[in-house]
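Note sheet for the following structure.
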Amino acid sequence: MRGLRPYYKPPLMRALQYDAYGGIEKLQLRQAPEPRTSGPLVRVSVAALNPKDALFRKGKFRQLSGRHFPKSCGVDFAGQIERDSGDFRAGDLVFGALQEWTFSRGSLADLVAPEPGELARVPEGVDPAHAASLALVGLTALQAFRDVARMKTGAKVLINGASGGVGTASVQIARLLGAEVTTVSSEGTHALCRELGAHHAAGYAQLDEFSRSGRFDVVFDVFGNLDFTRMRGALAPRGVFVSTVPSVARVFRDVFTRWSKQQERLVVVKPRRADLEQLAGWLAKRDLRAVIDSQFALEDYAAAFARLESKKAHGKILITVA
Ligand SMILES: NC(=O)c1ccc[n+]([C@@H]2O[C@H](COP(=O)([O-])OP(=O)(O)OC[C@H]3O[C@@H](n4cnc5c(N)ncnc54)[C@H](OP(=O)(O)O)[C@@H]3O)[C@@H](O)[C@H]2O)c1
């Protein structure tokens with residue numbers, strides 16, 4: 001047929017996407033092209049939400065995420081390998097977290113194409129949903145203590161915002177790395193923090209007292225609202241203050257306090273296969289457990305994001321995709 005060229009129509013899948021920065025109303029569950037990749041392809045069974053999903057959608061990091069739309073949602077996932085790829089076989093159960101700044105990929109979709117370093121096997125006997133819920137937050141906690149703070153066994157650690165996603169993973173991982181853990185969170189969550197391994201569970205009102213204590217080797221400000229100048233008084237003479245939330249001043253101090261006895265540092269999580277395998281190993285041994293706040297079907301994405309953005313979730317918000 002002259003003039004009519006046959007063209008390739010990629011198969012379609014469900015995906016949660018948006019075409020402009022803004023609120024939850026910008027999200028649309030739609031049919032979108034399946035990822036085209038020669039690397040691993042995962043049929044997603046469950047995904048977990050992170051504040052990053054909402055912050056990027058609102059355009060808070062638009063210098064990084066750019067103006068290319070549509071954008072996808074979600075970085076944490078668990079599911080089955082779709083076809084043989086590298087050391088993965090079709091049907092293998094895997095979990096992981098995407099390193100996404102532009103959100104051209106997202107785990108809130110039927111299929112996702114992670115890089116080989118962004119996924120690991122779910123060990124036998126471990127619920128894939130639990131593995132998914134610990135991917136990004138577990139990596140963040142592990143890298144904050146081990147790589148950024150270079151924490152030693154026996155270190156005294158203060159965790160602010162201990163009842164959220166990163167917080168509940170941090171309490172457990174700090175204990176696994178041999179720390180003495182003090183948590184700061186709302187009153188109703190102190191029992192949870194103790195159950196997860198905190199030696200001392202305190203409320204926000206005690207932050208003032210801690211800020212004059214001079215006894216913590218690491219202060220991990222998971223929520224990201226503490227001031228280094230104020231919390232310096234909580235640090236031991238060679239203590240490290242680690243924050244999760246970047247700002248220009250924090251990036252500046254991350255560089256310049258490296259020559260000081262007391263440092264302010266930023267954690268910027270990087271998905272790595274070896275670290276995901278470490279989390280998987282802890283899950284398999286029941287040394288680490290998922291804390292699930294709530295679970296929603298993919299179709300109920302708006303309610304799931306409203307829960308995330310309330311900042312009141314205790315543990316992780318899961319989305320059932322399959
Ligand atoms: N830099 C990185 O690589 C990286 C990686 C992961 C996450 N993050 C960032 O880390 C932050 C925390 O992430 P997340 O997943 O833990 O969030 P989340 O689970 O959504 O946080 C919810 C928690 O925030 C706590 N919270 C609310 N108001 C608070 C306050 N004024 N002070 C202290 N805690 C408060 C709540 O605890 P209560 O109800 O007990 O008050 C709740 O448990 C986010 O900003 C996220 O973007 C950064």
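Residue numbers start at 1 in each chain; chains themselves are named A, B, ... in the order of the structure tokens; ligands are numbered from 1 in the order shown.
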
Problem - Residue contacts of Phe56 in chain A (10 Å, only C-alpha atoms) excluding same-chain residues fewer than 2 positions away, as a ChimeraX atom specification - result: /A:21-22,51-54,58-62,64-65,71,73,100-103

Residues just named, written with C-alpha atoms as an mmCIF file, in the first residue's frame:
```cif
data_model
loop_
_atom_site.group_PDB
_atom_site.id
_atom_site.type_symbol
_atom_site.label_atom_id
_atom_site.label_comp_id
_atom_site.auth_asym_id
_atom_site.auth_seq_id
_atom_site.Cartn_x
_atom_site.Cartn_y
_atom_site.Cartn_z
ATOM 1 C CA TYR A 21 4.320 18.980 37.823
ATOM 2 C CA GLY A 22 1.732 19.404 40.563
ATOM 3 C CA PRO A 51 8.505 10.824 49.765
ATOM 4 C CA LYS A 52 10.733 11.167 46.677
ATOM 5 C CA ASP A 53 7.780 10.081 44.488
ATOM 6 C CA ALA A 54 5.717 13.040 45.714
ATOM 7 C CA LYS A 58 5.534 18.415 42.758
ATOM 8 C CA GLY A 59 8.559 19.658 40.785
ATOM 9 C CA LYS A 60 10.721 20.308 43.873
ATOM 10 C CA PHE A 61 13.778 18.982 42.018
ATOM 11 C CA ARG A 62 12.856 20.100 38.505
ATOM 12 C CA LEU A 64 17.287 17.464 38.024
ATOM 13 C CA SER A 65 14.098 15.923 36.677
ATOM 14 C CA LYS A 71 6.958 11.060 33.911
ATOM 15 C CA CYS A 73 6.158 7.112 39.478
ATOM 16 C CA GLU A 100 15.739 7.758 39.137
ATOM 17 C CA TRP A 101 16.222 11.511 38.741
ATOM 18 C CA THR A 102 14.140 12.023 35.575
ATOM 19 C CA PHE A 103 11.413 9.441 36.283
#
```

Problem - Test item: residues no farther than 8 Å from ligand 1, counting only C-alpha atoms and all ligand atoms, as a ChimeraX atom specification - result: /A:50-52,55,136-137,140,160-168,184-189,204,222-225,243-246,266-270,308-316

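Restricting the calculation to only C-alpha atoms, the smallest distance between Val42 in chain A and any of A:Gln263, A:Gln278, A:Gln63, A:Ser85 is found for A:Ser85.
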
Practice task
Could you give me, as an NGL selection string, the residues within 10 Å of Leu12 in chain A, counting only C-alpha atoms and dropping anything in the same chain fewer than 6 positions from it?
Solution key: :A and (30-35 or 110-111)
